[in-house]
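A.B. asks: As input, take run.pdb (PDB, C-alpha atoms):
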MODEL        1
ATOM      1  CA  MET A 148       0.000   0.000   0.000  1.00  0.00           C
ATOM      2  CA  SER A 149       1.150   3.522  -0.719  1.00  0.00           C
ATOM      3  CA  ALA A 150       1.801   4.804   2.782  1.00  0.00           C
ATOM      4  CA  SER A 151       1.534   8.457   1.816  1.00  0.00           C
ATOM      5  CA  LEU A 152      -2.096   8.040   0.757  1.00  0.00           C
ATOM      6  CA  GLY A 153      -3.073   6.558   4.095  1.00  0.00           C
ATOM      7  CA  PRO A 154      -4.997   3.432   5.124  1.00  0.00           C
ATOM      8  CA  ASN A 155      -8.129   4.223   3.072  1.00  0.00           C
ATOM      9  CA  LEU A 156      -6.554   3.549  -0.325  1.00  0.00           C
ATOM     10  CA  ILE A 157      -8.295   0.689  -2.167  1.00  0.00           C
ATOM     11  CA  GLU A 158      -5.859  -2.236  -2.323  1.00  0.00           C
ATOM     12  CA  ASP A 159      -7.992  -4.937  -3.946  1.00  0.00           C
ATOM     13  CA  GLY A 160      -6.630  -5.445  -7.451  1.00  0.00           C
ATOM     14  CA  LEU A 161      -3.874  -2.829  -7.139  1.00  0.00           C
ATOM     15  CA  ILE A 162      -1.077  -3.882  -9.498  1.00  0.00           C
ATOM     16  CA  LEU A 163       0.914  -0.670  -9.923  1.00  0.00           C
ATOM     17  CA  SER A 164       1.554   2.064  -7.372  1.00  0.00           C
ATOM     18  CA  LEU A 165       3.985   4.862  -8.206  1.00  0.00           C
ATOM     19  CA  ASP A 166       3.935   7.575  -5.558  1.00  0.00           C
ATOM     20  CA  SER A 167       6.569  10.297  -5.500  1.00  0.00           C
ATOM     21  CA  ALA A 168       5.730  11.149  -1.879  1.00  0.00           C
ATOM     22  CA  ASP A 169       6.293   7.590  -0.641  1.00  0.00           C
ATOM     23  CA  LYS A 170       9.965   7.004   0.213  1.00  0.00           C
ATOM     24  CA  ASN A 171       9.484   3.324  -0.594  1.00  0.00           C
ATOM     25  CA  SER A 172       8.474   4.362  -4.108  1.00  0.00           C
ATOM     26  CA  TYR A 173      11.013   7.147  -4.646  1.00  0.00           C
ATOM     27  CA  SER A 174      13.940   7.695  -2.309  1.00  0.00           C
ATOM     28  CA  GLY A 175      14.453  11.314  -3.343  1.00  0.00           C
ATOM     29  CA  SER A 176      17.302  10.638  -5.773  1.00  0.00           C
ATOM     30  CA  GLY A 177      18.238   8.303  -8.592  1.00  0.00           C
ATOM     31  CA  THR A 178      16.332   7.063 -11.627  1.00  0.00           C
ATOM     32  CA  SER A 179      14.148   4.302 -10.159  1.00  0.00           C
ATOM     33  CA  TRP A 180      10.471   5.038  -9.496  1.00  0.00           C
ATOM     34  CA  VAL A 181       9.582   1.869  -7.628  1.00  0.00           C
ATOM     35  CA  ASP A 182       6.264   0.060  -7.885  1.00  0.00           C
ATOM     36  CA  THR A 183       5.171  -0.530  -4.271  1.00  0.00           C
ATOM     37  CA  SER A 184       2.340  -2.921  -5.197  1.00  0.00           C
ATOM     38  CA  ASN A 185       4.791  -5.856  -4.991  1.00  0.00           C
ATOM     39  CA  ASN A 186       4.498  -6.537  -8.722  1.00  0.00           C
ATOM     40  CA  ALA A 187       8.046  -5.339  -9.477  1.00  0.00           C
ATOM     41  CA  ASN A 188       6.946  -2.969 -12.245  1.00  0.00           C
ATOM     42  CA  THR A 189       9.511  -0.297 -11.509  1.00  0.00           C
ATOM     43  CA  PHE A 190       9.797   2.614 -13.948  1.00  0.00           C
ATOM     44  CA  THR A 191      12.997   4.377 -14.983  1.00  0.00           C
ATOM     45  CA  LEU A 192      13.100   8.173 -14.875  1.00  0.00           C
ATOM     46  CA  VAL A 193      14.562   9.588 -18.097  1.00  0.00           C
ATOM     47  CA  GLY A 194      16.069  13.055 -18.456  1.00  0.00           C
ATOM     48  CA  SER A 195      16.271  13.824 -14.730  1.00  0.00           C
ATOM     49  CA  PRO A 196      12.868  15.357 -13.961  1.00  0.00           C
ATOM     50  CA  THR A 197      12.997  17.809 -11.063  1.00  0.00           C
ATOM     51  CA  TYR A 198      12.069  16.360  -7.678  1.00  0.00           C
ATOM     52  CA  SER A 199      10.918  18.843  -5.035  1.00  0.00           C
ATOM     53  CA  ASN A 200       8.325  18.864  -2.248  1.00  0.00           C
ATOM     54  CA  SER A 201       7.691  15.159  -2.828  1.00  0.00           C
ATOM     55  CA  THR A 202       6.609  15.581  -6.447  1.00  0.00           C
ATOM     56  CA  PHE A 203       8.085  15.363  -9.937  1.00  0.00           C
ATOM     57  CA  THR A 204       8.127  18.251 -12.403  1.00  0.00           C
ATOM     58  CA  PHE A 205       8.487  17.242 -16.066  1.00  0.00           C
ATOM     59  CA  ASN A 206       9.758  19.757 -18.631  1.00  0.00           C
ATOM     60  CA  GLY A 207       7.577  18.846 -21.603  1.00  0.00           C
ATOM     61  CA  SER A 208      10.449  17.901 -23.881  1.00  0.00           C
ATOM     62  CA  THR A 209      13.015  15.403 -22.586  1.00  0.00           C
ATOM     63  CA  GLN A 210      11.728  14.051 -19.264  1.00  0.00           C
ATOM     64  CA  TYR A 211       9.452  11.070 -18.702  1.00  0.00           C
ATOM     65  CA  ALA A 212       9.386   7.619 -17.074  1.00  0.00           C
ATOM     66  CA  SER A 213       9.382   4.320 -18.934  1.00  0.00           C
ATOM     67  CA  ILE A 214       9.366   0.605 -18.284  1.00  0.00           C
ATOM     68  CA  SER A 215      11.170  -1.936 -20.442  1.00  0.00           C
ATOM     69  CA  THR A 216      10.639  -5.144 -18.493  1.00  0.00           C
ATOM     70  CA  ALA A 217       7.225  -5.556 -16.913  1.00  0.00           C
ATOM     71  CA  SER A 218       5.724  -8.469 -15.023  1.00  0.00           C
ATOM     72  CA  GLY A 219       2.324 -10.058 -14.531  1.00  0.00           C
ATOM     73  CA  PHE A 220      -0.769  -8.109 -15.581  1.00  0.00           C
ATOM     74  CA  PHE A 221       1.291  -5.017 -16.345  1.00  0.00           C
ATOM     75  CA  ASN A 222       3.297  -6.777 -19.026  1.00  0.00           C
ATOM     76  CA  SER A 223       3.801  -4.441 -21.997  1.00  0.00           C
ATOM     77  CA  SER A 224       3.710  -7.273 -24.551  1.00  0.00           C
ATOM     78  CA  GLY A 225       0.401  -8.431 -23.075  1.00  0.00           C
ATOM     79  CA  ASN A 226      -1.308  -5.111 -23.830  1.00  0.00           C
ATOM     80  CA  SER A 227      -3.090  -5.049 -20.509  1.00  0.00           C
ATOM     81  CA  PHE A 228      -4.754  -1.702 -21.212  1.00  0.00           C
ATOM     82  CA  TYR A 229      -6.550  -2.985 -24.291  1.00  0.00           C
ATOM     83  CA  ALA A 230     -10.238  -2.034 -24.191  1.00  0.00           C
ATOM     84  CA  ASP A 231     -11.861  -5.279 -25.239  1.00  0.00           C
ATOM     85  CA  VAL A 232     -13.591  -8.379 -23.888  1.00  0.00           C
ATOM     86  CA  GLY A 233     -11.366 -10.265 -21.470  1.00  0.00           C
ATOM     87  CA  TYR A 234      -9.590  -7.163 -20.171  1.00  0.00           C
ATOM     88  CA  ALA A 235     -10.457  -5.025 -17.155  1.00  0.00           C
ATOM     89  CA  TRP A 236      -8.465  -2.224 -15.576  1.00  0.00           C
ATOM     90  CA  THR A 237      -8.446   1.135 -13.839  1.00  0.00           C
ATOM     91  CA  ILE A 238      -5.861   3.885 -13.987  1.00  0.00           C
ATOM     92  CA  SER A 239      -5.701   6.917 -11.694  1.00  0.00           C
ATOM     93  CA  ILE A 240      -3.311   9.878 -11.988  1.00  0.00           C
ATOM     94  CA  TRP A 241      -2.844  13.061  -9.949  1.00  0.00           C
ATOM     95  CA  PHE A 242      -1.441  15.905 -12.064  1.00  0.00           C
ATOM     96  CA  LYS A 243      -0.904  19.660 -12.085  1.00  0.00           C
ATOM     97  CA  PHE A 244      -0.674  21.545 -15.377  1.00  0.00           C
ATOM     98  CA  PRO A 245       1.129  24.910 -15.601  1.00  0.00           C
ATOM     99  CA  ILE A 246      -0.714  28.169 -16.263  1.00  0.00           C
ATOM    100  CA  SER A 247       1.549  28.922 -19.211  1.00  0.00           C
ATOM    101  CA  PRO A 248       3.425  25.862 -20.515  1.00  0.00           C
ATOM    102  CA  THR A 249       6.845  26.754 -21.875  1.00  0.00           C
ATOM    103  CA  THR A 250       6.828  23.960 -24.430  1.00  0.00           C
ATOM    104  CA  ILE A 251       4.192  25.603 -26.625  1.00  0.00           C
ATOM    105  CA  ARG A 252       2.090  23.329 -28.795  1.00  0.00           C
ATOM    106  CA  ASN A 253      -0.619  24.511 -31.131  1.00  0.00           C
ATOM    107  CA  SER A 254      -2.063  23.679 -34.522  1.00  0.00           C
ATOM    108  CA  THR A 255       0.550  25.768 -36.312  1.00  0.00           C
ATOM    109  CA  ILE A 256       3.607  24.461 -34.480  1.00  0.00           C
ATOM    110  CA  ASN A 257       2.524  20.856 -34.026  1.00  0.00           C
ATOM    111  CA  GLY A 258       0.001  20.313 -36.794  1.00  0.00           C
ATOM    112  CA  GLY A 259      -2.873  19.861 -34.385  1.00  0.00           C
ATOM    113  CA  ASN A 260      -1.008  17.611 -31.947  1.00  0.00           C
ATOM    114  CA  CYS A 261      -1.306  19.957 -28.978  1.00  0.00           C
ATOM    115  CA  SER A 262      -1.098  17.212 -26.423  1.00  0.00           C
ATOM    116  CA  TYR A 263       0.760  16.643 -23.162  1.00  0.00           C
ATOM    117  CA  SER A 264       0.442  12.946 -22.371  1.00  0.00           C
ATOM    118  CA  MET A 265       0.339  11.725 -18.768  1.00  0.00           C
ATOM    119  CA  ILE A 266       0.480   8.051 -19.662  1.00  0.00           C
ATOM    120  CA  GLY A 267       0.636   6.249 -22.971  1.00  0.00           C
ATOM    121  CA  ASN A 268       0.652   2.754 -24.433  1.00  0.00           C
ATOM    122  CA  ALA A 269       1.496   1.970 -28.062  1.00  0.00           C
ATOM    123  CA  GLY A 270       1.236   4.616 -30.781  1.00  0.00           C
ATOM    124  CA  GLY A 271       0.605   8.325 -30.511  1.00  0.00           C
ATOM    125  CA  ILE A 272      -2.594  10.131 -29.647  1.00  0.00           C
ATOM    126  CA  GLY A 273      -3.640  10.891 -33.187  1.00  0.00           C
ATOM    127  CA  GLY A 274      -5.742   7.783 -33.791  1.00  0.00           C
ATOM    128  CA  ALA A 275      -3.523   4.803 -33.099  1.00  0.00           C
ATOM    129  CA  GLU A 276      -3.197   4.700 -29.337  1.00  0.00           C
ATOM    130  CA  THR A 277      -4.216   1.702 -27.290  1.00  0.00           C
ATOM    131  CA  LEU A 278      -4.443   4.123 -24.366  1.00  0.00           C
ATOM    132  CA  SER A 279      -3.366   7.704 -23.833  1.00  0.00           C
ATOM    133  CA  LEU A 280      -4.443  10.068 -21.098  1.00  0.00           C
ATOM    134  CA  PHE A 281      -3.519  13.658 -21.863  1.00  0.00           C
ATOM    135  CA  VAL A 282      -4.049  17.408 -21.556  1.00  0.00           C
ATOM    136  CA  SER A 283      -4.687  19.013 -24.926  1.00  0.00           C
ATOM    137  CA  GLY A 284      -5.467  22.423 -26.360  1.00  0.00           C
ATOM    138  CA  GLY A 285      -8.771  23.020 -28.077  1.00  0.00           C
ATOM    139  CA  ASP A 286     -12.353  23.965 -27.325  1.00  0.00           C
ATOM    140  CA  ALA A 287     -15.325  22.160 -25.848  1.00  0.00           C
ATOM    141  CA  THR A 288     -15.816  20.038 -28.951  1.00  0.00           C
ATOM    142  CA  THR A 289     -12.311  19.066 -29.980  1.00  0.00           C
ATOM    143  CA  SER A 290      -9.173  17.625 -28.409  1.00  0.00           C
ATOM    144  CA  ALA A 291      -6.689  19.593 -30.502  1.00  0.00           C
ATOM    145  CA  GLY A 292      -6.472  22.931 -32.195  1.00  0.00           C
ATOM    146  CA  GLY A 293      -5.690  26.106 -30.302  1.00  0.00           C
ATOM    147  CA  LEU A 294      -3.055  26.811 -27.719  1.00  0.00           C
ATOM    148  CA  ALA A 295      -5.520  27.348 -24.894  1.00  0.00           C
ATOM    149  CA  PRO A 296      -7.624  26.538 -23.020  1.00  0.00           C
ATOM    150  CA  TYR A 297      -6.487  23.032 -22.224  1.00  0.00           C
ATOM    151  CA  TYR A 298      -8.791  20.100 -21.489  1.00  0.00           C
ATOM    152  CA  CYS A 299      -8.285  16.675 -19.971  1.00  0.00           C
ATOM    153  CA  VAL A 300      -8.882  14.015 -22.624  1.00  0.00           C
ATOM    154  CA  VAL A 301      -8.563  10.231 -22.808  1.00  0.00           C
ATOM    155  CA  GLY A 302      -7.906   8.353 -26.039  1.00  0.00           C
ATOM    156  CA  VAL A 303      -8.753   4.652 -26.195  1.00  0.00           C
ATOM    157  CA  ARG A 304      -8.171   2.679 -29.404  1.00  0.00           C
ATOM    158  CA  GLY A 305      -8.197   5.768 -31.535  1.00  0.00           C
ATOM    159  CA  SER A 306     -11.267   7.578 -30.181  1.00  0.00           C
ATOM    160  CA  LYS A 307     -11.138  10.486 -27.770  1.00  0.00           C
ATOM    161  CA  THR A 308     -13.370  11.611 -24.896  1.00  0.00           C
ATOM    162  CA  GLN A 309     -13.106  14.953 -23.145  1.00  0.00           C
ATOM    163  CA  LEU A 310     -13.190  14.497 -19.380  1.00  0.00           C
ATOM    164  CA  SER A 311     -12.937  18.004 -17.927  1.00  0.00           C
ATOM    165  CA  VAL A 312     -16.163  20.015 -18.202  1.00  0.00           C
ATOM    166  CA  GLY A 313     -14.212  23.188 -18.826  1.00  0.00           C
ATOM    167  CA  SER A 314     -10.534  23.807 -19.161  1.00  0.00           C
ATOM    168  CA  VAL A 315      -8.183  22.080 -16.746  1.00  0.00           C
ATOM    169  CA  ASN A 316      -7.595  23.955 -13.517  1.00  0.00           C
ATOM    170  CA  THR A 317      -4.023  25.123 -14.089  1.00  0.00           C
ATOM    171  CA  ASN A 318      -1.483  25.253 -11.284  1.00  0.00           C
ATOM    172  CA  THR A 319      -3.906  23.153  -9.215  1.00  0.00           C
ATOM    173  CA  TRP A 320      -3.852  19.426  -8.567  1.00  0.00           C
ATOM    174  CA  ASN A 321      -6.366  17.362 -10.529  1.00  0.00           C
ATOM    175  CA  ASN A 322      -7.265  13.692 -10.393  1.00  0.00           C
ATOM    176  CA  VAL A 323      -8.329  11.689 -13.422  1.00  0.00           C
ATOM    177  CA  VAL A 324      -9.527   8.078 -13.354  1.00  0.00           C
ATOM    178  CA  VAL A 325     -10.335   5.824 -16.318  1.00  0.00           C
ATOM    179  CA  THR A 326     -11.961   2.386 -15.982  1.00  0.00           C
ATOM    180  CA  TRP A 327     -12.654  -0.491 -18.374  1.00  0.00           C
ATOM    181  CA  ASN A 328     -14.821  -3.414 -17.212  1.00  0.00           C
ATOM    182  CA  GLY A 329     -14.524  -5.680 -20.247  1.00  0.00           C
ATOM    183  CA  SER A 330     -17.320  -4.120 -22.255  1.00  0.00           C
ATOM    184  CA  ALA A 331     -17.500  -0.406 -21.399  1.00  0.00           C
ATOM    185  CA  GLY A 332     -15.275   2.405 -20.202  1.00  0.00           C
ATOM    186  CA  ARG A 333     -15.903   5.348 -17.900  1.00  0.00           C
ATOM    187  CA  GLY A 334     -14.002   8.465 -16.978  1.00  0.00           C
ATOM    188  CA  TYR A 335     -13.880  10.511 -13.768  1.00  0.00           C
ATOM    189  CA  PHE A 336     -12.396  13.969 -13.406  1.00  0.00           C
ATOM    190  CA  ASN A 337     -11.881  15.307  -9.872  1.00  0.00           C
ATOM    191  CA  ASN A 338     -14.345  12.667  -8.694  1.00  0.00           C
ATOM    192  CA  VAL A 339     -17.064  13.719 -11.145  1.00  0.00           C
ATOM    193  CA  ASP A 340     -18.395  10.804 -13.200  1.00  0.00           C
ATOM    194  CA  LYS A 341     -18.004  11.875 -16.838  1.00  0.00           C
ATOM    195  CA  GLY A 342     -19.907   8.913 -18.223  1.00  0.00           C
ATOM    196  CA  ALA A 343     -19.035   6.449 -20.952  1.00  0.00           C
ATOM    197  CA  LEU A 344     -15.901   6.719 -23.075  1.00  0.00           C
ATOM    198  CA  ASN A 345     -15.685   6.664 -26.836  1.00  0.00           C
ATOM    199  CA  ILE A 346     -13.990   3.432 -27.897  1.00  0.00           C
ATOM    200  CA  GLY A 347     -12.441   3.167 -31.345  1.00  0.00           C
ATOM    201  CA  ALA A 348     -11.941   0.181 -33.603  1.00  0.00           C
ATOM    202  CA  ASN A 349      -8.160   0.081 -33.938  1.00  0.00           C
ATOM    203  CA  GLY A 350      -6.541  -3.277 -33.285  1.00  0.00           C
ATOM    204  CA  ILE A 351      -4.322  -4.283 -30.412  1.00  0.00           C
ATOM    205  CA  GLN A 352      -0.762  -2.962 -30.465  1.00  0.00           C
ATOM    206  CA  ILE A 353       2.374  -4.271 -28.802  1.00  0.00           C
ATOM    207  CA  SER A 354       4.420  -1.539 -27.173  1.00  0.00           C
ATOM    208  CA  GLY A 355       5.563  -0.351 -23.775  1.00  0.00           C
ATOM    209  CA  TYR A 356       4.063   2.010 -21.257  1.00  0.00           C
ATOM    210  CA  THR A 357       5.363   5.484 -20.548  1.00  0.00           C
ATOM    211  CA  VAL A 358       4.433   7.962 -17.803  1.00  0.00           C
ATOM    212  CA  ALA A 359       4.639  11.644 -18.815  1.00  0.00           C
ATOM    213  CA  ALA A 360       4.685  10.703 -22.521  1.00  0.00           C
ATOM    214  CA  THR A 361       3.159   8.255 -24.952  1.00  0.00           C
ATOM    215  CA  ALA A 362       5.048   5.050 -25.588  1.00  0.00           C
ATOM    216  CA  GLY A 363       7.218   6.845 -28.130  1.00  0.00           C
ATOM    217  CA  GLY A 364       9.110   8.483 -25.276  1.00  0.00           C
ATOM    218  CA  ALA A 365      10.845  11.813 -25.762  1.00  0.00           C
ATOM    219  CA  SER A 366       9.442  12.309 -29.256  1.00  0.00           C
ATOM    220  CA  SER A 367       5.818  11.833 -28.264  1.00  0.00           C
ATOM    221  CA  HIS A 368       3.746  14.494 -26.519  1.00  0.00           C
ATOM    222  CA  VAL A 369       5.879  14.719 -23.379  1.00  0.00           C
ATOM    223  CA  PHE A 370       4.006  16.077 -20.368  1.00  0.00           C
ATOM    224  CA  GLU A 371       4.829  19.455 -18.857  1.00  0.00           C
ATOM    225  CA  GLY A 372       3.941  19.996 -15.220  1.00  0.00           C
ATOM    226  CA  ASN A 373       3.686  17.896 -12.073  1.00  0.00           C
ATOM    227  CA  LEU A 374       2.847  14.224 -11.635  1.00  0.00           C
ATOM    228  CA  SER A 375       2.828  12.599  -8.243  1.00  0.00           C
ATOM    229  CA  ASN A 376       0.707   9.478  -7.994  1.00  0.00           C
ATOM    230  CA  VAL A 377      -0.080   6.766 -10.553  1.00  0.00           C
ATOM    231  CA  LEU A 378      -2.263   3.791  -9.641  1.00  0.00           C
ATOM    232  CA  VAL A 379      -3.289   0.868 -11.844  1.00  0.00           C
ATOM    233  CA  TYR A 380      -5.776  -1.889 -10.970  1.00  0.00           C
ATOM    234  CA  ASN A 381      -6.534  -5.158 -12.729  1.00  0.00           C
ATOM    235  CA  ARG A 382     -10.273  -4.498 -12.467  1.00  0.00           C
ATOM    236  CA  ALA A 383     -12.709  -1.634 -12.957  1.00  0.00           C
ATOM    237  CA  LEU A 384     -13.218   0.303  -9.740  1.00  0.00           C
ATOM    238  CA  THR A 385     -16.763   1.300  -8.872  1.00  0.00           C
ATOM    239  CA  ALA A 386     -17.808   4.927  -8.458  1.00  0.00           C
ATOM    240  CA  THR A 387     -17.831   4.381  -4.686  1.00  0.00           C
ATOM    241  CA  GLU A 388     -14.253   3.114  -4.800  1.00  0.00           C
ATOM    242  CA  VAL A 389     -13.137   6.014  -6.998  1.00  0.00           C
ATOM    243  CA  LEU A 390     -14.602   8.355  -4.363  1.00  0.00           C
ATOM    244  CA  GLN A 391     -12.813   6.485  -1.567  1.00  0.00           C
ATOM    245  CA  ASN A 392      -9.435   6.849  -3.268  1.00  0.00           C
ATOM    246  CA  TYR A 393     -10.113  10.501  -4.047  1.00  0.00           C
ATOM    247  CA  ASN A 394     -10.964  11.239  -0.426  1.00  0.00           C
ATOM    248  CA  ALA A 395      -7.854   9.380   0.724  1.00  0.00           C
ATOM    249  CA  ALA A 396      -5.631  11.721  -1.304  1.00  0.00           C
ATOM    250  CA  LYS A 397      -7.377  15.065  -1.682  1.00  0.00           C
ATOM    251  CA  THR A 398      -6.078  16.648   1.539  1.00  0.00           C
ATOM    252  CA  ARG A 399      -2.521  15.915   0.506  1.00  0.00           C
ATOM    253  CA  PHE A 400      -3.143  17.745  -2.773  1.00  0.00           C
ATOM    254  CA  GLY A 401      -4.765  20.755  -1.136  1.00  0.00           C
ATOM    255  CA  LEU A 402      -8.357  19.906  -2.059  1.00  0.00           C
TER     256      LEU A 402
ENDMDL
END
Could you take the file, read its structure, and then write that structure out as structure tokens?

C.D. replies:
Amino acid sequence: MSASLGPNLIEDGLILSLDSADKNSYSGSGTSWVDTSNNANTFTLVGSPTYSNSTFTFNGSTQYASISTASGFFNSSGNSFYADVGYAWTISIWFKFPISPTTIRNSTINGGNCSYSMIGNAGGIGGAETLSLFVSGGDATTSAGGLAPYYCVVGVRGSKTQLSVGSVNTNTWNNVVVTWNGSAGRGYFNNVDKGALNIGANGIQISGYTVAATAGGASSHVFEGNLSNVLVYNRALTATEVLQNYNAAKTRFGL
């Protein structure tokens, strides 16, 4: 269990726990971000992200975390995040996005790929991802386009769903949760149930997982801002369980 989130964290089905505030997960130095769920899925920090006040700050260009050898459910070659029959999972991330990102992305500079990915599996976010959870510029009807405002969006098998009602609260901690129960997905933003997810038709892809980028690493939509806590479960949490985890962490994140 992630000690820094307290005794109320849901443990049933927890198969990845990366917590920058837990000394068992990150010692305060080095490149290993240790999985404390006892599944040995430790990530490697690339590019030396800044560590301060028990959180990581990623620069949006060269810093992310990746895993090359995974075990059990979280095996990259097993495509555990695939949204199809026979798979079930939940992912939860706490993030803080800057008011004015320095790594500017807009439709002119990036050809519409205005995205800052918090976690990715397989291809990019433009229609080929198995899973990508990201902050992206645009308006209330699109996931890419203008520089600002920025929205929280999830892409699953090539289709995208906007999760934040309005633009992401910048310079403030946010929590996003995505679940898949074997036949349907749901998204939660700051404990608000955002309903069903759009699920595309792209086939399964074999590639690794990356935190603070898509699986392409430094070349793929690297996140700018703060990430602190990443949880993955091998089942779909209920709305009640999502609330329990949110309440276990919100005080720590000033909410």

A.B. asks: Of the candidates A:Asn338, A:Thr326, A:Thr189, A:Ser306, which one gets nearest to A:Tyr393 if we count all atoms listed in the file?

C.D. replies: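 Under the stated criterion, the closest residue is A:Asn338.
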
A.B. asks: What does the distance between atom CA of A:Thr204 and atom CA of A:Gly401 come to in Å, to one decimal place?

C.D. replies: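 These two atoms are separated by 17.3 Å.
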
A.B. asks: Which is closer to A:Ser172 than all the others in A:Leu402, A:Ala396, A:Leu344, A:Val377, using all atoms listed in the file?

C.D. replies: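 Smallest separation from A:Ser172 among the options: A:Val377.
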
A.B. asks: Let me have the centre and edge lengths in Å, one decimal, of the box along x, y and z around every listed atom of stretch 357-360 of chain A with 3 Å of margin on each side, as AutoDock Vina command-line options.

C.D. replies:
--center_x 4.9 --center_y 8.6 --center_z -20.2 --size_x 6.9 --size_y 12.2 --size_z 10.7

A.B. asks: Once the PyMOL selection byres ((chain A and resi 171) around 12) has been applied to the shown file, what residues remain in the selection, as number ranges by chain?

C.D. replies: A: 148-151, 164-170, 172-176, 179-185, 189

A.B. asks: Contacts of A:Lys397 at 9 Å or less, counting all atoms listed in the file, minus same-chain residues fewer than 5 places along, as a PyMOL selection string?

C.D. replies: chain A and resi 320+322+392+402

A.B. asks: Up to 9 Å from (-4.9, 23.0, -20.5) in the file's coordinates: name the residues, counting all atoms listed in the file, as a ChimeraX atom specification.

C.D. replies: /A:244-248,263,282-285,294-299,314-317

A.B. asks: Written as a PDB file with C-alpha atoms, keeping the file's coordinate frame, which residues does the PyMOL selection byres ((chain A and resi 213) around 6) give for the file shown?

C.D. replies:
ATOM      1  CA  PHE A 190       9.797   2.614 -13.948  1.00  0.00           C
ATOM      2  CA  THR A 191      12.997   4.377 -14.983  1.00  0.00           C
ATOM      3  CA  ALA A 212       9.386   7.619 -17.074  1.00  0.00           C
ATOM      4  CA  ILE A 214       9.366   0.605 -18.284  1.00  0.00           C
ATOM      5  CA  THR A 357       5.363   5.484 -20.548  1.00  0.00           C
TER       6      THR A 357
END

A.B. asks: Go through A:Val312, A:Ala331, A:Ile162, A:Leu390 and flag the residue nearest A:Ile346, using all atoms listed in the file for the distances.

C.D. replies: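 Once distances to A:Ile346 are computed over all atoms listed in the file, the minimum belongs to A:Ala331.
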
A.B. asks: Using atom CA of A:Ser262 and atom CA of A:Leu192 as the two end points, give the distance in Å to one decimal.

C.D. replies: 20.4 Å

A.B. asks: How many Å separate atom CA of A:Thr197 from atom CA of A:Leu310?

C.D. replies: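 Rounded to one decimal, the two atoms are 27.7 Å apart.
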
A.B. asks: Could you tell me which residues the PyMOL selection byres ((chain A and resi 155) around 9) returns for this structure, as a PyMOL selection string?

C.D. replies: chain A and resi 152-154+156-158+391-392+394-395

A.B. asks: When distances are computed from all atoms listed in the file, which of A:Gly329, A:Gly207, A:Gly313, A:Gly334 shows the smallest separation from A:Leu280?

C.D. replies: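 Among the listed residues, A:Gly334 lies closest to A:Leu280.
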